[in-house]
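Participant: One file is attached below, structure-v5.cif, containing mmCIF, C-alpha atoms and all ligand atoms.
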data_data
#
loop_
_atom_site.label_atom_id
_atom_site.label_comp_id
_atom_site.auth_asym_id
_atom_site.auth_seq_id
_atom_site.Cartn_x
_atom_site.Cartn_y
_atom_site.Cartn_z
CA MET C 1 143.73 105.90 288.96
CA PHE C 2 146.89 107.95 289.19
CA SER C 3 148.23 105.92 292.13
CA ALA C 4 147.62 102.71 290.18
CA TYR C 5 149.65 104.17 287.33
CA ALA C 6 152.41 105.21 289.75
CA GLU C 7 152.43 101.70 291.26
CA ILE C 8 152.67 99.99 287.88
CA SER C 9 155.42 102.29 286.66
CA ALA C 10 157.36 101.76 289.91
CA ALA C 11 157.09 97.96 289.71
CA TYR C 12 157.59 97.71 285.93
CA PRO C 13 159.49 100.83 284.80
CA TRP C 14 159.75 99.50 281.22
CA VAL C 15 155.99 99.08 280.64
CA LEU C 16 155.18 102.69 279.78
CA PRO C 17 158.26 103.35 277.60
CA ALA C 18 157.55 100.07 275.76
CA ALA C 19 153.94 101.17 275.18
CA VAL C 20 155.19 104.54 273.89
CA ALA C 21 157.60 102.85 271.46
CA LEU C 22 154.81 100.53 270.26
CA LEU C 23 152.53 103.54 269.73
CA GLY C 24 155.37 105.22 267.81
CA ALA C 25 155.77 102.19 265.52
CA MET C 26 152.01 102.16 264.82
CA VAL C 27 152.00 105.91 264.10
CA GLY C 28 155.06 105.34 261.87
CA SER C 29 153.04 102.78 259.92
CA PHE C 30 150.35 105.44 259.42
CA LEU C 31 153.00 108.03 258.43
CA ASN C 32 154.10 105.65 255.63
CA VAL C 33 150.54 105.85 254.28
CA VAL C 34 150.54 109.66 254.62
CA ILE C 35 153.94 109.97 252.88
CA THR C 36 152.72 107.86 249.95
CA ARG C 37 149.19 109.19 249.56
CA VAL C 38 149.18 112.90 250.51
CA PRO C 39 151.41 114.03 247.60
CA ALA C 40 149.21 111.98 245.24
CA GLU C 41 146.15 113.69 246.78
CA LYS C 42 144.60 110.33 247.70
CA SER C 43 142.58 109.68 250.84
CA ILE C 44 144.66 108.53 253.83
CA ILE C 45 141.66 106.60 255.24
CA THR C 46 140.30 104.55 252.34
CA PRO C 47 141.09 102.17 250.80
CA GLY C 48 142.96 100.17 253.46
CA SER C 49 146.56 99.13 252.98
CA HIS C 50 147.03 97.36 249.68
CA CYS C 51 149.90 95.95 247.67
CA ALA C 52 151.18 97.48 244.43
CA CYS C 53 149.32 94.58 242.71
CA ALA C 54 146.09 96.04 244.21
CA LYS C 55 145.41 93.09 246.55
CA PRO C 56 144.58 94.17 250.12
CA ILE C 57 147.21 93.44 252.79
CA ALA C 58 145.98 91.31 255.71
CA TRP C 59 146.39 92.75 259.22
CA TYR C 60 148.90 90.03 260.18
CA ASP C 61 151.11 91.07 257.25
CA ASN C 62 150.79 94.72 258.24
CA ILE C 63 152.30 94.66 261.75
CA PRO C 64 154.76 97.56 262.07
CA VAL C 65 158.45 96.58 261.64
CA VAL C 66 157.80 92.87 262.39
CA SER C 67 155.94 91.95 259.18
CA TRP C 68 158.57 93.43 256.89
CA PHE C 69 161.28 91.30 258.49
CA ILE C 70 159.13 88.11 258.61
CA LEU C 71 158.25 88.51 254.92
CA ARG C 72 161.84 89.66 254.17
CA GLY C 73 160.58 92.74 252.33
CA ARG C 74 158.41 90.75 249.87
CA ALA C 75 154.63 90.86 249.44
CA ARG C 76 152.82 87.60 250.32
CA CYS C 77 150.39 87.98 247.41
CA CYS C 78 152.72 88.55 244.46
CA GLY C 79 156.27 88.55 245.83
CA GLY C 80 156.71 92.22 244.90
CA ALA C 81 159.43 94.08 246.83
CA PHE C 82 158.60 96.42 249.70
CA SER C 83 161.17 99.16 250.27
CA PHE C 84 163.22 98.97 253.48
CA ARG C 85 161.97 102.50 253.97
CA TYR C 86 158.68 101.24 255.40
CA PRO C 87 160.18 99.55 258.49
CA PHE C 88 162.79 102.33 258.65
CA VAL C 89 160.10 105.02 259.06
CA GLU C 90 158.38 102.85 261.70
CA ILE C 91 161.60 102.31 263.69
CA LEU C 92 162.49 106.00 263.33
CA THR C 93 159.07 107.15 264.58
CA ALA C 94 159.17 104.67 267.48
CA SER C 95 162.63 106.01 268.48
CA LEU C 96 161.49 109.64 268.24
CA PHE C 97 158.38 108.94 270.35
CA LEU C 98 160.49 107.21 272.97
CA ALA C 99 163.12 109.99 272.97
CA CYS C 100 160.36 112.60 273.54
CA TRP C 101 158.86 110.53 276.35
CA LEU C 102 162.17 110.02 278.15
CA GLN C 103 163.38 113.64 277.80
CA LEU C 104 160.30 115.83 278.17
CA ALA C 105 157.37 116.41 280.53
CA PRO C 106 154.39 114.24 279.40
CA ALA C 107 152.33 117.09 277.87
CA VAL C 108 155.35 118.48 276.01
CA ALA C 109 156.26 114.95 274.88
CA VAL C 110 152.80 114.55 273.28
CA VAL C 111 153.27 117.86 271.44
CA GLY C 112 156.69 116.55 270.41
CA TRP C 113 155.09 113.41 268.93
CA LEU C 114 152.92 115.58 266.66
CA PHE C 115 155.77 117.92 265.73
CA LEU C 116 158.26 115.15 264.93
CA SER C 117 155.61 113.15 263.02
CA GLY C 118 155.09 116.25 260.86
CA LEU C 119 158.86 116.54 260.31
CA VAL C 120 159.11 112.85 259.30
CA CYS C 121 156.33 113.28 256.71
CA ALA C 122 157.85 116.50 255.34
CA MET C 123 161.30 114.92 255.12
CA PHE C 124 160.32 111.83 253.12
CA ILE C 125 157.82 113.62 250.88
CA ASP C 126 160.52 116.19 250.06
CA LEU C 127 163.01 113.37 249.29
CA ASP C 128 160.47 111.74 246.94
CA HIS C 129 158.96 114.78 245.24
CA MET C 130 161.24 117.78 245.95
CA ILE C 131 158.25 119.54 247.45
CA ILE C 132 156.68 119.84 250.91
CA PRO C 133 152.86 120.06 250.78
CA ASP C 134 151.31 123.04 252.62
CA THR C 135 149.82 120.61 255.18
CA PHE C 136 153.33 120.11 256.61
CA THR C 137 154.44 123.73 256.34
CA LEU C 138 151.53 126.17 256.81
CA GLY C 139 149.38 123.49 258.51
CA LEU C 140 152.16 122.42 260.88
CA GLY C 141 152.88 126.09 261.68
CA VAL C 142 149.26 126.76 262.67
CA VAL C 143 149.23 123.56 264.78
CA GLY C 144 152.44 124.77 266.46
CA VAL C 145 150.92 128.12 267.46
CA VAL C 146 147.69 126.51 268.73
CA LEU C 147 149.59 123.87 270.75
CA SER C 148 151.80 126.63 272.22
CA VAL C 149 148.64 128.27 273.60
CA LEU C 150 147.37 124.93 274.99
CA VAL C 151 150.73 123.67 276.33
CA PRO C 152 152.80 126.76 277.29
CA ALA C 153 155.41 124.44 278.86
CA LEU C 154 156.46 123.72 275.25
CA HIS C 155 158.28 127.06 275.43
CA GLY C 156 159.22 126.75 279.10
CA GLN C 157 156.36 129.02 280.18
CA HIS C 158 154.74 128.35 283.55
CA SER C 159 152.51 130.63 285.55
CA ASP C 160 149.87 130.47 288.25
CA PHE C 161 147.72 132.21 285.67
CA PHE C 162 147.45 129.78 282.78
CA LEU C 163 146.32 132.53 280.42
CA LEU C 164 149.47 134.53 281.11
CA ALA C 165 151.71 131.55 280.33
CA SER C 166 149.62 130.90 277.20
CA ILE C 167 150.04 134.44 275.92
CA ARG C 168 153.81 134.35 276.53
CA ALA C 169 154.13 130.96 274.79
CA ALA C 170 152.01 132.11 271.84
CA THR C 171 154.27 135.18 271.47
CA ILE C 172 157.41 132.99 271.45
CA SER C 173 155.76 130.66 268.92
CA LEU C 174 154.71 133.49 266.58
CA GLN C 175 158.17 135.08 266.86
CA GLY C 176 159.69 131.73 265.88
CA LEU C 177 157.34 131.45 262.92
CA LEU C 178 157.95 134.96 261.61
CA ILE C 179 161.69 135.28 262.34
CA GLY C 180 162.37 131.75 261.04
CA SER C 181 160.53 132.16 257.76
CA GLY C 182 161.74 135.77 257.35
CA LEU C 183 165.36 134.72 257.75
CA VAL C 184 165.05 131.94 255.14
CA LEU C 185 163.31 134.37 252.79
CA TRP C 186 166.30 136.74 253.04
CA ILE C 187 168.82 133.90 252.58
CA ALA C 188 166.85 132.60 249.59
CA LEU C 189 166.75 136.06 247.97
CA LEU C 190 170.48 136.67 248.59
CA ALA C 191 171.40 133.20 247.29
CA GLU C 192 169.34 133.78 244.20
CA ILE C 193 171.13 137.06 243.51
CA ILE C 194 174.60 135.55 244.11
CA LEU C 195 174.10 132.13 242.47
CA LYS C 196 171.72 133.48 239.82
CA LYS C 197 169.46 130.45 240.30
CA GLU C 198 166.87 129.33 242.80
CA ALA C 199 168.75 127.86 245.77
CA MET C 200 165.86 127.42 248.15
CA GLY C 201 162.18 127.04 247.46
CA PHE C 202 159.33 128.95 249.06
CA GLY C 203 158.40 125.61 250.68
CA ASP C 204 161.56 125.88 252.81
CA VAL C 205 160.53 129.41 253.91
CA LYS C 206 157.17 128.09 255.17
CA PHE C 207 158.75 124.94 256.60
CA VAL C 208 161.26 126.83 258.78
CA GLY C 209 158.35 128.97 259.99
CA ALA C 210 156.60 125.77 261.12
CA ILE C 211 159.75 124.60 262.95
CA GLY C 212 159.99 128.03 264.63
CA ALA C 213 156.36 127.80 265.78
CA PHE C 214 157.33 124.75 267.86
CA THR C 215 160.85 125.78 268.91
CA GLY C 216 160.90 129.59 269.00
CA TRP C 217 163.26 131.64 266.83
CA GLN C 218 166.35 130.01 268.36
CA GLY C 219 165.23 126.63 267.03
CA ALA C 220 164.53 128.08 263.59
CA VAL C 221 168.01 129.66 263.43
CA ILE C 222 169.68 126.41 264.55
CA ALA C 223 167.59 124.43 262.03
CA ILE C 224 168.81 126.66 259.16
CA PHE C 225 172.51 126.54 260.04
CA GLY C 226 172.44 122.95 261.35
CA GLY C 227 170.59 122.01 258.16
CA ALA C 228 173.30 123.61 256.04
CA VAL C 229 175.99 121.61 257.90
CA ILE C 230 174.02 118.35 257.52
CA GLY C 231 173.42 119.16 253.85
CA THR C 232 177.15 119.64 253.27
CA ILE C 233 177.95 116.31 254.93
CA TRP C 234 175.15 114.64 252.95
CA VAL C 235 176.45 115.92 249.61
CA ALA C 236 180.03 114.94 250.57
CA ILE C 237 178.91 111.39 251.37
CA ALA C 238 176.88 111.21 248.14
CA TRP C 239 179.94 112.37 246.20
CA LEU C 240 182.25 109.83 247.92
CA TRP C 241 179.70 107.07 247.35
CA GLN C 242 179.53 107.99 243.69
CA LYS C 243 183.33 107.85 243.43
CA ILE C 244 183.60 104.47 245.21
CA VAL C 245 180.57 102.64 243.82
CA GLY C 246 180.45 104.51 240.55
CA ARG C 247 176.75 105.03 240.89
CA SER C 248 174.89 108.12 241.93
CA THR C 249 172.37 106.51 244.22
CA ALA C 250 173.56 107.39 247.74
CA PRO C 251 171.83 107.23 250.14
CA ALA C 252 169.35 105.31 248.04
CA ALA C 253 168.33 102.90 250.79
CA LEU C 254 166.15 105.63 252.24
CA LYS C 255 164.47 106.55 249.00
CA ALA C 256 161.30 104.94 247.77
CA GLU C 257 161.00 103.82 244.20
CA THR C 258 159.18 106.36 242.08
CA ALA C 259 156.04 105.48 240.20
CA GLU C 260 158.14 104.67 237.13
CA GLY C 261 160.04 102.10 239.19
CA GLU C 262 163.39 103.83 239.06
CA SER C 263 164.77 105.52 242.12
CA THR C 264 165.61 109.18 241.78
CA ALA C 265 169.33 109.55 242.21
CA ILE C 266 171.04 112.18 244.27
CA SER C 267 174.07 113.31 242.36
CA LEU C 268 176.44 116.18 242.78
CA GLY C 269 175.21 119.25 240.97
CA ALA C 270 171.69 117.91 240.92
CA GLN C 271 169.16 119.60 243.16
CA VAL C 272 169.34 118.29 246.73
CA PRO C 273 166.19 119.00 248.73
CA PHE C 274 166.88 121.18 251.79
CA GLY C 275 163.71 120.11 253.66
CA PRO C 276 165.16 116.84 255.02
CA MET C 277 168.23 118.67 256.37
CA LEU C 278 166.00 121.27 258.06
CA ALA C 279 163.84 118.48 259.51
CA ILE C 280 166.83 116.56 260.91
CA ALA C 281 168.40 119.69 262.43
CA GLY C 282 165.03 120.84 263.83
CA ALA C 283 164.39 117.43 265.42
CA ILE C 284 167.87 117.22 266.97
CA TYR C 285 167.44 120.74 268.36
CA PHE C 286 163.98 120.00 269.76
CA LEU C 287 165.07 116.78 271.47
CA PHE C 288 168.51 117.63 272.79
CA PHE C 289 169.50 121.30 272.68
CA ARG C 290 166.36 123.30 273.46
CA GLY C 291 167.21 124.40 277.00
CA LEU C 292 170.91 124.71 276.27
CA VAL C 293 170.62 126.97 273.23
CA THR C 294 167.91 129.22 274.70
CA GLU C 295 170.23 129.87 277.66
CA TRP C 296 173.19 130.47 275.35
CA PHE C 297 171.27 133.02 273.29
CA ALA C 298 170.10 134.73 276.52
CA GLN C 299 173.71 135.08 277.73
CA PHE C 300 174.76 136.34 274.31
CA GLY C 301 171.92 138.86 274.49
CA GLU C 302 173.20 140.15 277.85
CA LEU C 303 176.68 140.68 276.38
CA VAL C 304 175.31 142.75 273.51
ZN ZN C 401 150.96 92.00 245.69
#
Show how you would write the structure in this file as structure tokens.
Ligand SMILES: [Zn+2]
Facilitator:
Amino acid sequence: MFSAYAEISAAYPWVLPAAVALLGAMVGSFLNVVITRVPAEKSIITPGSHCACAKPIAWYDNIPVVSWFILRGRARCCGGAFSFRYPFVEILTASLFLACWLQLAPAVAVVGWLFLSGLVCAMFIDLDHMIIPDTFTLGLGVVGVVLSVLVPALHGQHSDFFLLASIRAATISLQGLLIGSGLVLWIALLAEIILKKEAMGFGDVKFVGAIGAFTGWQGAVIAIFGGAVIGTIWVAIAWLWQKIVGRSTAPAALKAETAEGESTAISLGAQVPFGPMLAIAGAIYFLFFRGLVTEWFAQFGELV
């Protein structure tokens, strides 16, 4: 079985990565359903995919990425518009799955798929509703701790005694959860005293804890400060866009229409959700800087 797999991957090195990307696109399609239905407290299983006009969508019009482009973003039944966000989430998820697969050991990559899927959901729900449901903060945090026990390699822990590696990984995960959320709690309290208004929600406190459960405290710290940098750039672009186009809808392409049919604008001075910034910074850290930053913090620790 394993040798057959090795033979196939030697002869056709693109087969497995292509399968992973396809899986990612299909999961992305499911995440679109989760992003739409979880905040509305609707079932993510039934009913099946249906158009805004309530007609069910046939399977051949529901193929990830492909269908949106074939139908040019219009529903076959009533011609209603489908946001570009649907294929965007599918392409994004496919890319994240592939990036995990190419960068990480297989077991860690599978954990990465779950983690990054959670971040994608949290990000788009926060953009739409300015809130992250507990499923993607507390729930994701618990999943992070449990997966750390099952796959200690997530935190670079290996041992001849699996239990030992598990205990070490669980400790790193819990530290990440507690230090991450504790730090945001302090920043939120300080900001509230200085700015005299709520700068960060309690959702962000729980969300950073969840990121820390998967990345350790280093990842949580990087997510907070990386998120602040991304947030600054985001607001600057939104401001420039507003100046140039004269409308306050940047980056509206990524935002779904609200139930009322008008898209919620991001404008300067208005509340900008911090969750998406945390999610982007956390994902970049997880995929590209994990080893690097852990080593850097270790060296810094030796100096002190
Ligand atoms: Zn329709």
Participant: Show me which residues are within 7 Å of ligand ZN 401 (chain C) counting only C-alpha atoms and all ligand atoms, and format the list as a ChimeraX atom specification.
Facilitator: /C:51-55,75-80
Participant: Output C-alpha atoms for every residue in the selection just made, as a compact mmCIF listing (two decimals), in the coordinates of the input.
Facilitator:
# COMPACT_ATOMS: atom_id res chain seq x y z
CA CYS C 51 149.90 95.95 247.67
CA ALA C 52 151.18 97.48 244.43
CA CYS C 53 149.32 94.58 242.71
CA ALA C 54 146.09 96.04 244.21
CA LYS C 55 145.41 93.09 246.55
CA ALA C 75 154.63 90.86 249.44
CA ARG C 76 152.82 87.60 250.32
CA CYS C 77 150.39 87.98 247.41
CA CYS C 78 152.72 88.55 244.46
CA GLY C 79 156.27 88.55 245.83
CA GLY C 80 156.71 92.22 244.90
Participant: If you count all atoms listed in the file, which residues fall within 7 Å of region 138-149 of chain C, apart from same-chain ones fewer than 5 positions away, as a ChimeraX atom specification?
Facilitator: /C:118,154,166-167,169-170,173-174,206,209-210,213-214
Participant: Compile a residue-level contact table for region 109-170 of chain C against region 95-104 of chain C at a cut-off of 7 Å, reporting for every qualifying residue the shortest atom pair and its distance in Å to one decimal, with only C-alpha atoms counted, rows ordered by chain and ascending number, as CSV.
Facilitator:
residue,atom,partner,partner_atom,distance
C:Ala109,CA,C:Cys100,CA,4.9
C:Gly112,CA,C:Cys100,CA,6.2
C:Trp113,CA,C:Phe97,CA,5.7
Participant: May I ask for the distance between CA of Pro13 (chain C) and CA of Glu90 (chain C), given in Å to one decimal place?
Facilitator: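 CA of Pro13 (chain C) sits 23.2 Å away from CA of Glu90 (chain C).
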Participant: Could you tell me, as a VMD selection string, which residues have any atom at most 12 Å from (167.4, 122.3, 255.0), counting all atoms listed in the file?
Facilitator: chain C and resid 119 122 to 123 126 to 127 130 132 184 187 to 188 199 to 201 203 to 208 211 220 to 232 234 272 to 283
Participant: Could you tell me how far CA of Thr93 (chain C) lies from CA of Leu114 (chain C), in Å and to one decimal?
Facilitator: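 Pair CA of Thr93 (chain C) / CA of Leu114 (chain C) returns 10.6 Å.
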Participant: Report, in Å to a single decimal, how far apart CA of Val89 (chain C) and CA of Gln218 (chain C) are.
Facilitator: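 Rounded to one decimal, the two atoms are 27.4 Å apart.
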Participant: So which residues touch Glu41 (chain C) within 12 Å, counting all atoms listed in the file, skipping near sequence neighbours fewer than 6 positions away, as a list in words?
Facilitator: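 With the cut-off at 12 Å, the set is Val33, Val34, Ile35, Pro133 and Thr135 of chain C.
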Participant: Would you list the contacts of region 44-46 of chain C as a tab-separated table (two decimals) with C-alpha atoms, in the frame of the given file, taking every protein, DNA or RNA residue within 12 Å and counting all atoms listed in the file, but skipping same-chain residues closer than 5 positions in sequence?
Facilitator:
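For reference, around.tsv as written:
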chain	number	residue	atom	x	y	z
C	29	SER	CA	153.04	102.78	259.92
C	30	PHE	CA	150.35	105.44	259.42
C	31	LEU	CA	153.00	108.03	258.43
C	32	ASN	CA	154.10	105.65	255.63
C	33	VAL	CA	150.54	105.85	254.28
C	34	VAL	CA	150.54	109.66	254.62
C	35	ILE	CA	153.94	109.97	252.88
C	36	THR	CA	152.72	107.86	249.95
C	37	ARG	CA	149.19	109.19	249.56
C	38	VAL	CA	149.18	112.90	250.51
C	39	PRO	CA	151.41	114.03	247.60
C	56	PRO	CA	144.58	94.17	250.12
Participant: Between C:Leu189, C:Ile63, C:Gly156, C:Arg290, which one has atoms that come closest to Ala107 (chain C), using all atoms listed in the file?
Facilitator: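 Selected residue with least distance to Ala107 (chain C): C:Gly156.
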Participant: Any idea what's packed within 6 Å of region 16-23 of chain C, counting all atoms listed in the file, ignoring anything in its chain fewer than 2 positions away? Could you give it as an MDAnalysis selection string?
Facilitator: chainID C and resid 14 25:26 94 98
Participant: From the options C:Val65, C:Ile179, C:Leu185, C:Ile237, which residue's atoms come nearest to Ser83 (chain C), counting all atoms listed in the file?
Facilitator: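 Checking each candidate against Ser83 (chain C), we get C:Val65 as the closest.
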Participant: So which one's closest to Ser117 (chain C), C:Val27, C:Ala6, C:Trp241, C:Pro64? Using all atoms listed in the file, please.
Facilitator: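 Among the listed residues, C:Val27 lies closest to Ser117 (chain C).
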